[in-house]
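Everything below belongs to data-v3.cif, which stores mmCIF, C-alpha atoms.
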data_work
loop_
_atom_site.label_atom_id
_atom_site.label_comp_id
_atom_site.auth_asym_id
_atom_site.auth_seq_id
_atom_site.Cartn_x
_atom_site.Cartn_y
_atom_site.Cartn_z
CA MET A 1 18.25 42.08 9.59
CA SER A 2 15.23 43.81 11.14
CA ASN A 3 15.31 45.65 14.47
CA GLN A 4 12.76 43.26 15.96
CA ASP A 5 13.46 42.11 19.51
CA TYR A 6 15.17 38.70 19.53
CA TYR A 7 12.78 37.36 22.17
CA ASP A 8 9.84 38.40 19.99
CA VAL A 9 11.43 36.74 16.96
CA LEU A 10 11.53 33.41 18.79
CA GLY A 11 8.22 34.02 20.57
CA VAL A 12 9.58 33.47 24.08
CA GLY A 13 9.66 35.52 27.27
CA ARG A 14 12.76 37.28 28.56
CA ASN A 15 13.05 34.77 31.37
CA ALA A 16 12.89 31.75 29.01
CA GLY A 17 15.30 28.94 29.77
CA ASP A 18 17.78 27.39 27.35
CA ASP A 19 15.51 24.44 26.57
CA GLU A 20 12.56 26.71 25.81
CA ILE A 21 14.69 28.87 23.52
CA LYS A 22 16.04 25.83 21.71
CA ALA A 23 12.55 24.35 21.27
CA ALA A 24 11.24 27.65 19.87
CA PHE A 25 14.15 27.80 17.43
CA ARG A 26 13.58 24.22 16.25
CA LYS A 27 9.90 24.92 15.63
CA LEU A 28 10.52 28.12 13.67
CA ALA A 29 13.46 26.61 11.77
CA ARG A 30 11.17 23.83 10.53
CA GLN A 31 8.53 26.37 9.58
CA TYR A 32 10.71 28.81 7.65
CA HIS A 33 13.53 26.64 6.27
CA PRO A 34 13.91 27.55 2.56
CA ASP A 35 14.01 23.90 1.52
CA VAL A 36 10.50 23.48 2.88
CA ASN A 37 8.81 26.89 2.84
CA LYS A 38 8.66 28.40 -0.64
CA GLU A 39 7.10 31.73 0.37
CA HIS A 40 9.08 34.75 -0.85
CA ASP A 41 9.95 35.98 2.65
CA ALA A 42 10.68 32.57 4.18
CA GLU A 43 14.46 32.83 3.79
CA GLU A 44 14.53 36.28 5.39
CA LYS A 45 12.49 35.06 8.36
CA PHE A 46 14.73 32.03 8.66
CA LYS A 47 17.76 34.32 8.85
CA GLU A 48 16.09 36.39 11.59
CA VAL A 49 15.33 33.24 13.57
CA ASN A 50 18.93 32.08 13.14
CA GLU A 51 20.32 35.43 14.28
CA ALA A 52 18.05 35.54 17.33
CA TYR A 53 18.99 32.02 18.34
CA GLY A 54 22.68 32.74 17.81
CA VAL A 55 22.51 35.47 20.44
CA LEU A 56 20.04 34.01 22.95
CA SER A 57 21.66 30.56 22.98
CA ASP A 58 25.02 32.10 23.96
CA ALA A 59 25.14 33.05 27.65
CA GLU A 60 27.61 35.91 27.20
CA LYS A 61 25.86 37.40 24.17
CA ARG A 62 22.47 37.08 25.83
CA ALA A 63 23.66 38.88 28.95
CA ARG A 64 25.04 41.80 26.95
CA TYR A 65 21.88 41.92 24.81
CA ASP A 66 19.63 41.95 27.89
CA ARG A 67 21.60 44.85 29.36
CA PHE A 68 22.43 47.00 26.36
CA GLY A 69 20.29 45.69 23.46
CA LYS A 70 21.78 45.13 20.02
CA ALA A 71 24.10 48.09 20.48
CA GLY A 72 25.81 46.25 23.30
CA LEU A 73 26.75 43.32 21.07
CA GLY A 74 29.19 45.31 19.00
CA GLY A 75 30.11 42.97 16.16
CA MET A 76 28.98 39.93 18.07
CA GLY A 77 25.34 39.94 17.14
CA SER A 78 25.09 41.12 13.56
CA GLY A 79 24.69 38.89 10.55
CA TYR A 80 25.36 35.16 10.82
CA HIS A 81 27.23 33.60 13.67
CA ASP A 82 30.06 31.19 13.21
CA TYR A 83 28.83 28.69 15.75
CA THR A 84 28.59 24.98 15.01
CA VAL A 85 25.05 23.64 14.65
CA ASP A 86 24.45 19.88 14.83
CA PHE A 87 22.35 19.51 11.72
CA ASN A 88 20.92 16.19 12.88
CA ASP A 89 19.91 17.57 16.26
CA ILE A 90 18.24 20.77 15.06
CA PHE A 91 16.59 19.51 11.86
CA GLU A 92 16.16 15.81 12.56
CA ASP A 93 12.36 15.81 12.53
CA LEU A 94 12.27 18.38 9.71
CA PHE A 95 14.16 16.34 7.13
CA SER A 96 13.07 12.89 8.22
CA GLY A 97 9.55 13.82 7.13
CA PHE A 98 10.81 14.58 3.64
CA GLY A 99 12.70 11.34 3.00
CA PHE A 100 16.13 12.52 4.13
CA SER A 101 18.11 10.52 6.65
CA THR A 102 19.54 12.67 9.42
CA GLY A 103 21.80 9.91 10.67
CA ARG A 104 20.48 10.24 14.23
CA ARG A 105 19.11 6.75 13.94
CA SER A 106 21.91 4.21 14.15
CA ARG A 107 22.90 2.57 10.90
CA ARG A 108 22.91 -0.74 12.77
CA SER A 109 19.51 -0.36 14.41
CA PRO A 110 16.95 -3.11 13.64
CA ARG A 111 15.28 -2.75 10.25
CA ARG A 112 12.26 -4.58 8.90
CA GLY A 113 12.80 -6.71 5.80
CA ARG A 114 11.29 -5.97 2.40
CA ASP A 115 7.81 -7.15 1.49
CA LEU A 116 7.52 -9.67 -1.36
CA GLN A 117 4.65 -10.28 -3.77
CA MET A 118 3.63 -13.16 -5.99
CA GLN A 119 0.61 -14.13 -8.08
CA VAL A 120 -1.42 -17.26 -7.36
CA SER A 121 -3.84 -18.66 -9.96
CA LEU A 122 -7.17 -20.15 -8.86
CA THR A 123 -10.07 -21.75 -10.68
CA PHE A 124 -13.48 -20.19 -10.28
CA GLU A 125 -14.55 -22.98 -7.94
CA GLU A 126 -11.39 -22.71 -5.80
CA ALA A 127 -12.06 -19.02 -5.24
CA VAL A 128 -15.68 -19.73 -4.27
CA PHE A 129 -15.13 -22.63 -1.89
CA GLY A 130 -11.55 -22.04 -0.76
CA VAL A 131 -8.56 -24.31 -1.24
CA GLU A 132 -5.17 -25.20 0.23
CA LYS A 133 -2.44 -24.30 -2.22
CA GLU A 134 1.27 -24.99 -2.18
CA VAL A 135 3.14 -21.93 -3.37
CA GLU A 136 6.80 -21.73 -4.33
CA PHE A 137 8.76 -18.49 -4.28
CA SER A 138 12.32 -17.24 -3.91
CA ARG A 139 13.60 -15.08 -1.10
CA GLU A 140 16.87 -14.22 0.58
CA GLU A 141 17.67 -16.09 3.77
CA THR A 142 20.56 -16.16 6.20
CA CYS A 143 23.56 -17.72 4.47
CA SER A 144 23.97 -21.34 5.57
CA ARG A 145 27.75 -21.26 5.10
CA CYS A 146 28.68 -18.18 7.16
CA ASN A 147 25.56 -17.95 9.36
CA GLY A 148 24.96 -14.45 8.12
CA ASN A 149 28.19 -12.70 9.13
CA GLY A 150 29.46 -12.55 5.53
CA ALA A 151 32.92 -13.92 6.32
CA GLU A 152 34.40 -17.16 5.07
CA PRO A 153 34.30 -19.82 7.81
CA GLY A 154 37.47 -19.62 9.89
CA THR A 155 37.61 -15.83 9.58
CA SER A 156 35.62 -13.05 11.21
CA PRO A 157 34.55 -9.51 10.32
CA VAL A 158 36.63 -6.76 11.97
CA LYS A 159 35.51 -3.38 13.21
CA CYS A 160 35.71 -0.73 10.51
CA SER A 161 38.63 1.62 11.21
CA THR A 162 37.07 4.46 9.23
CA CYS A 163 33.87 4.80 11.29
CA ASN A 164 35.04 2.92 14.39
CA GLY A 165 32.20 0.45 13.99
CA GLN A 166 29.45 3.10 13.89
CA GLY A 167 28.52 2.56 10.26
CA GLU A 168 28.48 6.31 9.64
CA VAL A 169 30.85 9.22 9.45
CA ARG A 170 30.28 12.82 10.45
CA GLN A 171 30.97 15.53 7.93
CA VAL A 172 31.27 19.26 8.65
CA ARG A 173 30.44 21.63 5.84
CA GLN A 174 30.20 25.39 5.64
CA THR A 175 26.79 26.82 4.70
CA PHE A 176 25.09 30.18 4.94
CA LEU A 177 23.98 29.08 8.43
CA GLY A 178 27.53 28.51 9.54
CA GLN A 179 29.09 25.12 10.12
CA MET A 180 26.63 22.25 9.68
CA VAL A 181 27.40 18.77 10.96
CA GLN A 182 25.87 15.97 8.89
CA THR A 183 26.21 12.22 9.03
CA ALA A 184 26.61 9.92 6.05
CA THR A 185 26.97 6.20 5.47
CA CYS A 186 30.54 5.09 5.96
CA PRO A 187 32.08 4.61 2.49
CA ALA A 188 34.52 1.97 3.75
CA CYS A 189 31.98 -0.50 5.18
CA ASN A 190 28.74 0.72 3.54
CA GLY A 191 27.15 1.24 6.94
CA ARG A 192 27.81 -2.23 8.35
CA GLY A 193 30.38 -1.07 10.88
CA GLU A 194 32.56 -4.03 9.94
CA THR A 195 34.86 -4.93 7.11
CA ILE A 196 35.42 -8.42 5.73
CA SER A 197 38.84 -9.41 4.42
CA SER A 198 37.75 -12.90 3.27
CA PRO A 199 34.14 -12.78 2.02
CA CYS A 200 32.05 -15.93 2.19
CA THR A 201 32.20 -17.79 -1.14
CA THR A 202 28.48 -18.58 -1.01
CA CYS A 203 26.99 -15.16 -0.30
CA ARG A 204 29.99 -13.04 -1.36
CA GLY A 205 29.97 -11.20 1.93
CA SER A 206 26.30 -10.21 1.98
CA GLY A 207 25.34 -12.72 4.67
CA LEU A 208 22.31 -13.73 2.60
CA GLU A 209 21.66 -16.36 -0.04
CA ARG A 210 18.63 -16.77 -2.30
CA LYS A 211 16.61 -19.91 -1.70
CA LYS A 212 13.40 -21.42 -3.03
CA VAL A 213 10.69 -21.78 -0.42
CA ARG A 214 7.58 -23.95 -0.53
CA LYS A 215 4.62 -23.16 1.71
CA LYS A 216 1.10 -24.48 2.04
CA VAL A 217 -1.41 -21.66 2.17
CA SER A 218 -5.09 -21.88 3.04
CA ILE A 219 -7.14 -19.72 0.65
CA PRO A 220 -10.45 -18.83 2.37
CA ALA A 221 -13.80 -19.33 0.63
CA GLY A 222 -15.21 -16.27 -1.12
CA VAL A 223 -12.03 -14.60 -2.36
CA ASP A 224 -12.16 -12.78 -5.67
CA HIS A 225 -9.85 -11.79 -8.51
CA GLY A 226 -7.28 -9.29 -7.22
CA THR A 227 -7.72 -10.22 -3.55
CA GLN A 228 -4.45 -9.96 -1.61
CA ILE A 229 -3.54 -12.35 1.18
CA ARG A 230 -0.78 -11.24 3.57
CA LEU A 231 1.56 -13.81 5.06
CA SER A 232 3.32 -12.02 7.91
CA GLY A 233 7.01 -12.80 8.36
CA GLU A 234 7.39 -14.63 5.03
CA GLY A 235 9.09 -11.76 3.20
CA ALA A 236 12.76 -10.79 3.06
CA PRO A 237 14.75 -11.06 6.30
CA GLY A 238 15.22 -8.02 8.51
CA GLU A 239 18.58 -6.44 9.23
CA TYR A 240 20.34 -6.27 12.58
CA GLY A 241 17.67 -8.30 14.34
CA GLY A 242 14.72 -6.55 12.68
CA PRO A 243 11.58 -8.53 11.75
CA ASN A 244 11.06 -10.17 8.38
CA GLY A 245 8.85 -8.49 5.82
CA SER A 246 5.56 -9.95 4.60
CA LEU A 247 4.64 -12.00 1.54
CA TYR A 248 1.57 -10.79 -0.36
CA LEU A 249 -0.30 -13.30 -2.52
CA VAL A 250 -2.27 -11.62 -5.31
CA LEU A 251 -5.05 -13.93 -6.51
CA ASP A 252 -5.75 -14.43 -10.21
CA VAL A 253 -9.16 -16.11 -10.60
CA LYS A 254 -9.79 -17.75 -13.98
CA PRO A 255 -13.21 -17.15 -15.58
CA HIS A 256 -15.83 -19.93 -15.62
CA GLN A 257 -17.36 -21.33 -18.78
CA PHE A 258 -20.94 -20.59 -17.67
CA PHE A 259 -20.99 -18.71 -14.39
CA LYS A 260 -20.25 -15.04 -13.88
CA ARG A 261 -19.77 -13.40 -10.52
CA ARG A 262 -21.29 -10.13 -9.32
CA GLU A 263 -20.05 -9.53 -5.77
CA ASN A 264 -21.42 -12.59 -3.90
CA ASP A 265 -24.08 -13.53 -6.44
CA ILE A 266 -23.61 -15.97 -9.32
CA LEU A 267 -25.18 -15.10 -12.68
CA LEU A 268 -26.19 -17.81 -15.15
CA ASN A 269 -27.76 -17.30 -18.56
CA LEU A 270 -30.13 -20.18 -19.34
CA ASP A 271 -31.69 -20.93 -22.71
CA ILE A 272 -35.14 -22.52 -22.78
CA ASN A 273 -37.21 -23.27 -25.87
CA VAL A 274 -40.46 -21.60 -26.89
CA ALA A 275 -42.61 -24.46 -25.70
CA GLN A 276 -41.02 -24.46 -22.25
CA ALA A 277 -41.54 -20.71 -21.95
CA VAL A 278 -45.20 -20.91 -23.07
CA LEU A 279 -46.29 -24.07 -21.33
CA GLY A 280 -43.94 -24.08 -18.35
CA ALA A 281 -41.48 -26.80 -17.41
CA GLU A 282 -39.20 -28.18 -14.75
CA VAL A 283 -35.58 -28.00 -15.88
CA GLU A 284 -32.17 -29.02 -14.56
CA VAL A 285 -29.99 -25.99 -13.81
CA PRO A 286 -26.24 -26.19 -13.12
CA THR A 287 -25.05 -24.65 -9.85
CA LEU A 288 -21.72 -24.64 -8.06
CA ASP A 289 -23.12 -27.40 -5.83
CA GLY A 290 -24.31 -29.57 -8.74
CA ASP A 291 -27.46 -29.66 -10.85
CA GLU A 292 -30.64 -28.39 -9.21
CA LYS A 293 -34.25 -28.48 -10.42
CA LEU A 294 -35.87 -25.14 -11.32
CA LYS A 295 -39.55 -24.69 -12.08
CA ILE A 296 -40.30 -22.49 -15.10
CA PRO A 297 -43.87 -21.15 -14.87
CA ALA A 298 -46.08 -21.06 -17.96
CA GLY A 299 -45.83 -17.79 -19.85
CA THR A 300 -42.27 -16.98 -18.79
CA GLN A 301 -40.94 -13.99 -20.71
CA PRO A 302 -37.39 -13.55 -22.06
CA GLY A 303 -35.17 -11.87 -19.47
CA LYS A 304 -37.07 -13.27 -16.51
CA VAL A 305 -34.72 -13.70 -13.56
CA PHE A 306 -35.14 -16.55 -11.11
CA THR A 307 -33.35 -16.49 -7.76
CA MET A 308 -31.90 -19.64 -6.24
CA ARG A 309 -31.24 -18.72 -2.61
CA GLY A 310 -27.92 -19.61 -1.03
CA LYS A 311 -26.35 -20.92 -4.22
CA GLY A 312 -23.90 -18.04 -4.63
CA VAL A 313 -20.47 -17.20 -3.22
CA PRO A 314 -19.75 -17.43 0.53
CA TYR A 315 -19.14 -14.12 2.31
CA LEU A 316 -15.61 -13.74 3.65
CA ARG A 317 -16.65 -12.66 7.12
CA ARG A 318 -20.09 -14.27 7.34
CA LYS A 319 -21.35 -17.82 7.33
CA ASP A 320 -24.03 -17.34 4.68
CA ARG A 321 -23.77 -17.23 0.90
CA GLY A 322 -25.04 -15.07 -1.90
CA ASP A 323 -27.65 -16.23 -4.43
CA GLN A 324 -27.60 -17.62 -7.92
CA ARG A 325 -29.53 -15.50 -10.42
CA VAL A 326 -30.77 -17.46 -13.44
CA ILE A 327 -31.54 -15.19 -16.40
CA VAL A 328 -33.88 -16.91 -18.83
CA ASN A 329 -33.46 -16.50 -22.54
CA VAL A 330 -36.08 -17.96 -24.90
CA ALA A 331 -34.17 -19.58 -27.74
CA VAL A 332 -35.89 -19.04 -31.09
CA PRO A 333 -35.23 -21.95 -33.46
CA THR A 334 -33.52 -21.07 -36.74
CA LYS A 335 -34.22 -24.39 -38.48
CA LEU A 336 -37.56 -26.22 -38.42
CA THR A 337 -38.77 -29.53 -39.75
CA LYS A 338 -41.81 -29.51 -42.01
CA GLU A 339 -43.95 -30.73 -39.15
CA GLN A 340 -42.66 -28.05 -36.77
CA ARG A 341 -43.19 -25.33 -39.38
CA ALA A 342 -46.75 -26.45 -39.97
CA LEU A 343 -47.44 -26.29 -36.24
CA PHE A 344 -46.01 -22.80 -35.94
CA GLU A 345 -48.04 -21.60 -38.94
CA THR A 346 -51.19 -22.91 -37.31
CA LEU A 347 -50.22 -21.20 -34.07
CA ALA A 348 -49.48 -17.96 -35.90
CA GLU A 349 -52.97 -17.93 -37.47
CA SER A 350 -54.58 -18.37 -34.07
CA LEU A 351 -52.49 -15.65 -32.41
CA GLY A 352 -53.07 -13.06 -35.13
CA THR A 353 -50.69 -10.37 -36.37
CA THR A 354 -51.32 -7.57 -33.86
CA VAL A 355 -48.17 -6.10 -32.28
CA LYS A 356 -47.93 -3.99 -29.11
CA PRO A 357 -45.18 -1.41 -28.37
CA GLN A 358 -43.42 -1.85 -25.03
CA GLU A 359 -42.67 1.02 -22.63
CA LYS A 360 -39.54 -0.73 -21.41
CA GLY A 361 -36.92 -2.69 -23.31
CA PHE A 362 -35.30 -5.99 -22.43
CA LEU A 363 -32.28 -4.35 -20.80
CA ASP A 364 -34.51 -2.17 -18.63
CA TRP A 365 -36.35 -5.24 -17.34
CA LEU A 366 -33.06 -7.03 -16.76
CA ASN A 367 -31.51 -4.15 -14.81
CA GLU A 368 -34.58 -3.93 -12.61
CA ALA A 369 -34.57 -7.67 -11.97
CA LEU A 370 -30.88 -7.63 -11.00
CA GLY A 371 -31.22 -4.60 -8.79
CA GLY A 372 -29.80 -1.93 -11.11
#
Written as structure tokens, how would this file's structure read?
Amino acid sequence: MSNQDYYDVLGVGRNAGDDEIKAAFRKLARQYHPDVNKEHDAEEKFKEVNEAYGVLSDAEKRARYDRFGKAGLGGMGSGYHDYTVDFNDIFEDLFSGFGFSTGRRSRRSPRRGRDLQMQVSLTFEEAVFGVEKEVEFSREETCSRCNGNGAEPGTSPVKCSTCNGQGEVRQVRQTFLGQMVQTATCPACNGRGETISSPCTTCRGSGLERKKVRKKVSIPAGVDHGTQIRLSGEGAPGEYGGPNGSLYLVLDVKPHQFFKRRENDILLNLDINVAQAVLGAEVEVPTLDGDEKLKIPAGTQPGKVFTMRGKGVPYLRRKDRGDQRVIVNVAVPTKLTKEQRALFETLAESLGTTVKPQEKGFLDWLNEALGG
């Protein structure tokens, strides 16, 4: 060990009280513990902190150290000290942050139940306008035969003799720090604090039985594929009076035959014939609210996008709706009657054969019309 002053090691003044010394030790122990700090000198610093605390936390050793320094300790202050450290008290907040249970929290303290998850299928229209669905799922509930105590009716659980009803046992083990006291789940009762001589025949002593549950759920308008809906308290039951977990519904929205969704807008590809594109027309267009009339101006080009306001998907947290975007495609006929062919040949002669290169392609126009 170094010759550094013990008060300097812990970062406290010479008049520091016991609580201040203990708090300083806890802080430095968390900082330099080898299980957490992987720096090459962390273990050495941890040993220095341990040695300093071993002296300053002992009234007799501290008095001799204050008067004579390390020389006055004789063999009392060198190396490690065989004093018992309550592992859960000193390192409780250190190890709890890394997924280790220190046992300070009672094994029988209230615990929240597990969350459950299930998938719910919706049609395209149900997701847009909302729907009330009845869902069926399985979950564990308090056993109806034993009322949750796990014992066959007519018998009762008894206090565990191994842990005296605490649900945990204390174990002392020797480490390089000295004696460390650690708690563990009682092996006799598995942390329940009680043992059952005659387990319930329905739940086999668990106090829980699996049941099918039916619930009506209101799906709000405007949900989308992958949306999760949380039903608080509908998950697995809590333990020792703790709250139930939640049930999460994951929505699976089936695709529509014609409509596609882009956020809150509905996209519809619409074929019109050459004559309708050239001369203009009024056509019937399907929407989620039924057929609506749409005016096609004369000279409409392929890829033209028409916007039908308020015919899209409702916003989840607003009262308005998105729009329906109708993307026009001019259908070129592949088979013509003799009369139709003659008409097109006459038209072709009048239009001529001149062609004009375009600066932008169809996809460029379409991206611009749909906002990128």
For the atom pair CA of Asp19 in chain A and CA of Tyr7 in chain A, what is the interatomic distance in Å to one decimal place?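 Answer for the CA of Asp19 in chain A to CA of Tyr7 in chain A separation: 13.9 Å.
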Residues within 6 Å of range 239-248 of chain A, only C-alpha atoms, excluding chain neighbours under 2 positions, as a PyMOL selection string: chain A and resi 110-117+229-237
Pull out every residue that the PyMOL selection byres ((chain A and resi 21) around 9) matches in the shown coordinates and put them as number ranges by chain. A: 7, 10-12, 16-20, 22-26, 53, 56-57
Could you pull the residues within 10 Å of Val283 in chain A, counting only C-alpha atoms, minus those fewer than 3 positions along the same chain, as a VMD selection string? chain A and resid 272 276 280 286 291 to 296
Counting all atoms listed in the file, which of A:Gln182, A:Thr195, A:Ser161, A:Gln171 gets nearest to Asn149 in chain A? A:Thr195
Run the PyMOL selection byres ((chain A and resi 122) around 12) on the file and write out the hits as a ChimeraX atom specification. /A:119-121,123-135,219-227,249-256
Gap from CA of Gly150 in chain A to CA of Pro199 in chain A - Å, one decimal: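 Here the two named atoms are 5.9 Å from each other.
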Write out as a list in words which residues come within 9 Å of Cys189 in chain A when counting all atoms listed in the file, dropping same-chain ones fewer than 5 positions away. Cys160, Thr162, Cys163, Gly165, Gly167, Glu168, Glu194, Thr195 and Ile196 of chain A
What would the selection look like, as a list in words, if the PyMOL selection byres ((chain A and resi 214) around 6) were run on the coordinates I just shared?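 On this input, the PyMOL selection byres ((chain A and resi 214) around 6) captures Val135, Glu136, Val213 and Lys215 of chain A.
Separating CA of Val328 in chain A from CA of Arg341 in chain A is a distance of 24.1 Å.
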Report as a ChimeraX atom specification all protein, DNA and RNA residues lying within 12 Å of range 66-74 of chain A, evaluated on only C-alpha atoms, omitting residues in the same chain fewer than 4 positions from it. /A:1-7,13-15,51-52,54-56,58-62,78-79
Choose the residue, out of A:Ala151, A:Phe137, A:Val181, A:Gly312, that has the smallest atom-to-atom separation from Lys212 in chain A; count all atoms listed in the file. A:Phe137
Select, from A:Asp271, A:Asp265, A:Glu345, A:Glu141, the residue with the minimum atom-to-atom distance to Gln301 in chain A, counting all atoms listed in the file.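 Closest to Gln301 in chain A, using all atoms listed in the file: A:Asp271.
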Would you mind listing what lies within 6 Å of Gly148 in chain A as an mmCIF file with C-alpha atoms, in the frame of the given file, with all atoms listed in the file counted and same-chain residues fewer than 3 positions away left out?
data_model
loop_
_atom_site.group_PDB
_atom_site.id
_atom_site.type_symbol
_atom_site.label_atom_id
_atom_site.label_comp_id
_atom_site.auth_asym_id
_atom_site.auth_seq_id
_atom_site.Cartn_x
_atom_site.Cartn_y
_atom_site.Cartn_z
ATOM 1 C CA THR A 142 20.560 -16.160 6.200
ATOM 2 C CA CYS A 143 23.560 -17.720 4.470
ATOM 3 C CA GLY A 207 25.340 -12.720 4.670
#
Would you fill the gaps in range 223-238 of chain A so it has N, CA and C atoms, then print it as a compact mmCIF listing (two decimals), keeping the file's coordinate frame?
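As a result, part_6.txt now contains:
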# COMPACT_ATOMS: atom_id res chain seq x y z
N VAL A 223 -12.97 -15.58 -1.82
CA VAL A 223 -12.03 -14.60 -2.36
C VAL A 223 -12.37 -14.30 -3.81
N ASP A 224 -11.84 -13.19 -4.31
CA ASP A 224 -12.16 -12.78 -5.67
C ASP A 224 -10.87 -12.43 -6.41
N HIS A 225 -11.00 -12.18 -7.69
CA HIS A 225 -9.85 -11.79 -8.51
C HIS A 225 -9.26 -10.49 -7.96
N GLY A 226 -7.95 -10.48 -7.74
CA GLY A 226 -7.28 -9.29 -7.22
C GLY A 226 -7.18 -9.25 -5.71
N THR A 227 -7.84 -10.18 -5.01
CA THR A 227 -7.72 -10.22 -3.55
C THR A 227 -6.26 -10.46 -3.15
N GLN A 228 -5.80 -9.77 -2.11
CA GLN A 228 -4.45 -9.96 -1.61
C GLN A 228 -4.50 -10.65 -0.25
N ILE A 229 -3.66 -11.64 -0.09
CA ILE A 229 -3.54 -12.35 1.18
C ILE A 229 -2.14 -12.09 1.73
N ARG A 230 -2.06 -11.60 2.96
CA ARG A 230 -0.78 -11.24 3.57
C ARG A 230 -0.30 -12.36 4.47
N LEU A 231 0.91 -12.81 4.22
CA LEU A 231 1.56 -13.81 5.06
C LEU A 231 2.67 -13.10 5.84
N SER A 232 2.37 -12.78 7.08
CA SER A 232 3.32 -12.02 7.91
C SER A 232 4.58 -12.84 8.17
N GLY A 233 5.74 -12.17 8.05
CA GLY A 233 7.01 -12.80 8.36
C GLY A 233 7.57 -13.68 7.26
N GLU A 234 6.90 -13.77 6.11
CA GLU A 234 7.39 -14.63 5.03
C GLU A 234 8.09 -13.84 3.93
N GLY A 235 8.38 -12.57 4.18
CA GLY A 235 9.09 -11.76 3.20
C GLY A 235 10.60 -11.84 3.41
N ALA A 236 11.30 -10.82 2.94
CA ALA A 236 12.76 -10.79 3.06
C ALA A 236 13.16 -10.63 4.53
N PRO A 237 14.32 -11.15 4.90
CA PRO A 237 14.75 -11.06 6.30
C PRO A 237 15.08 -9.64 6.70
N GLY A 238 14.87 -9.33 8.00
CA GLY A 238 15.22 -8.02 8.51
C GLY A 238 16.72 -7.90 8.72
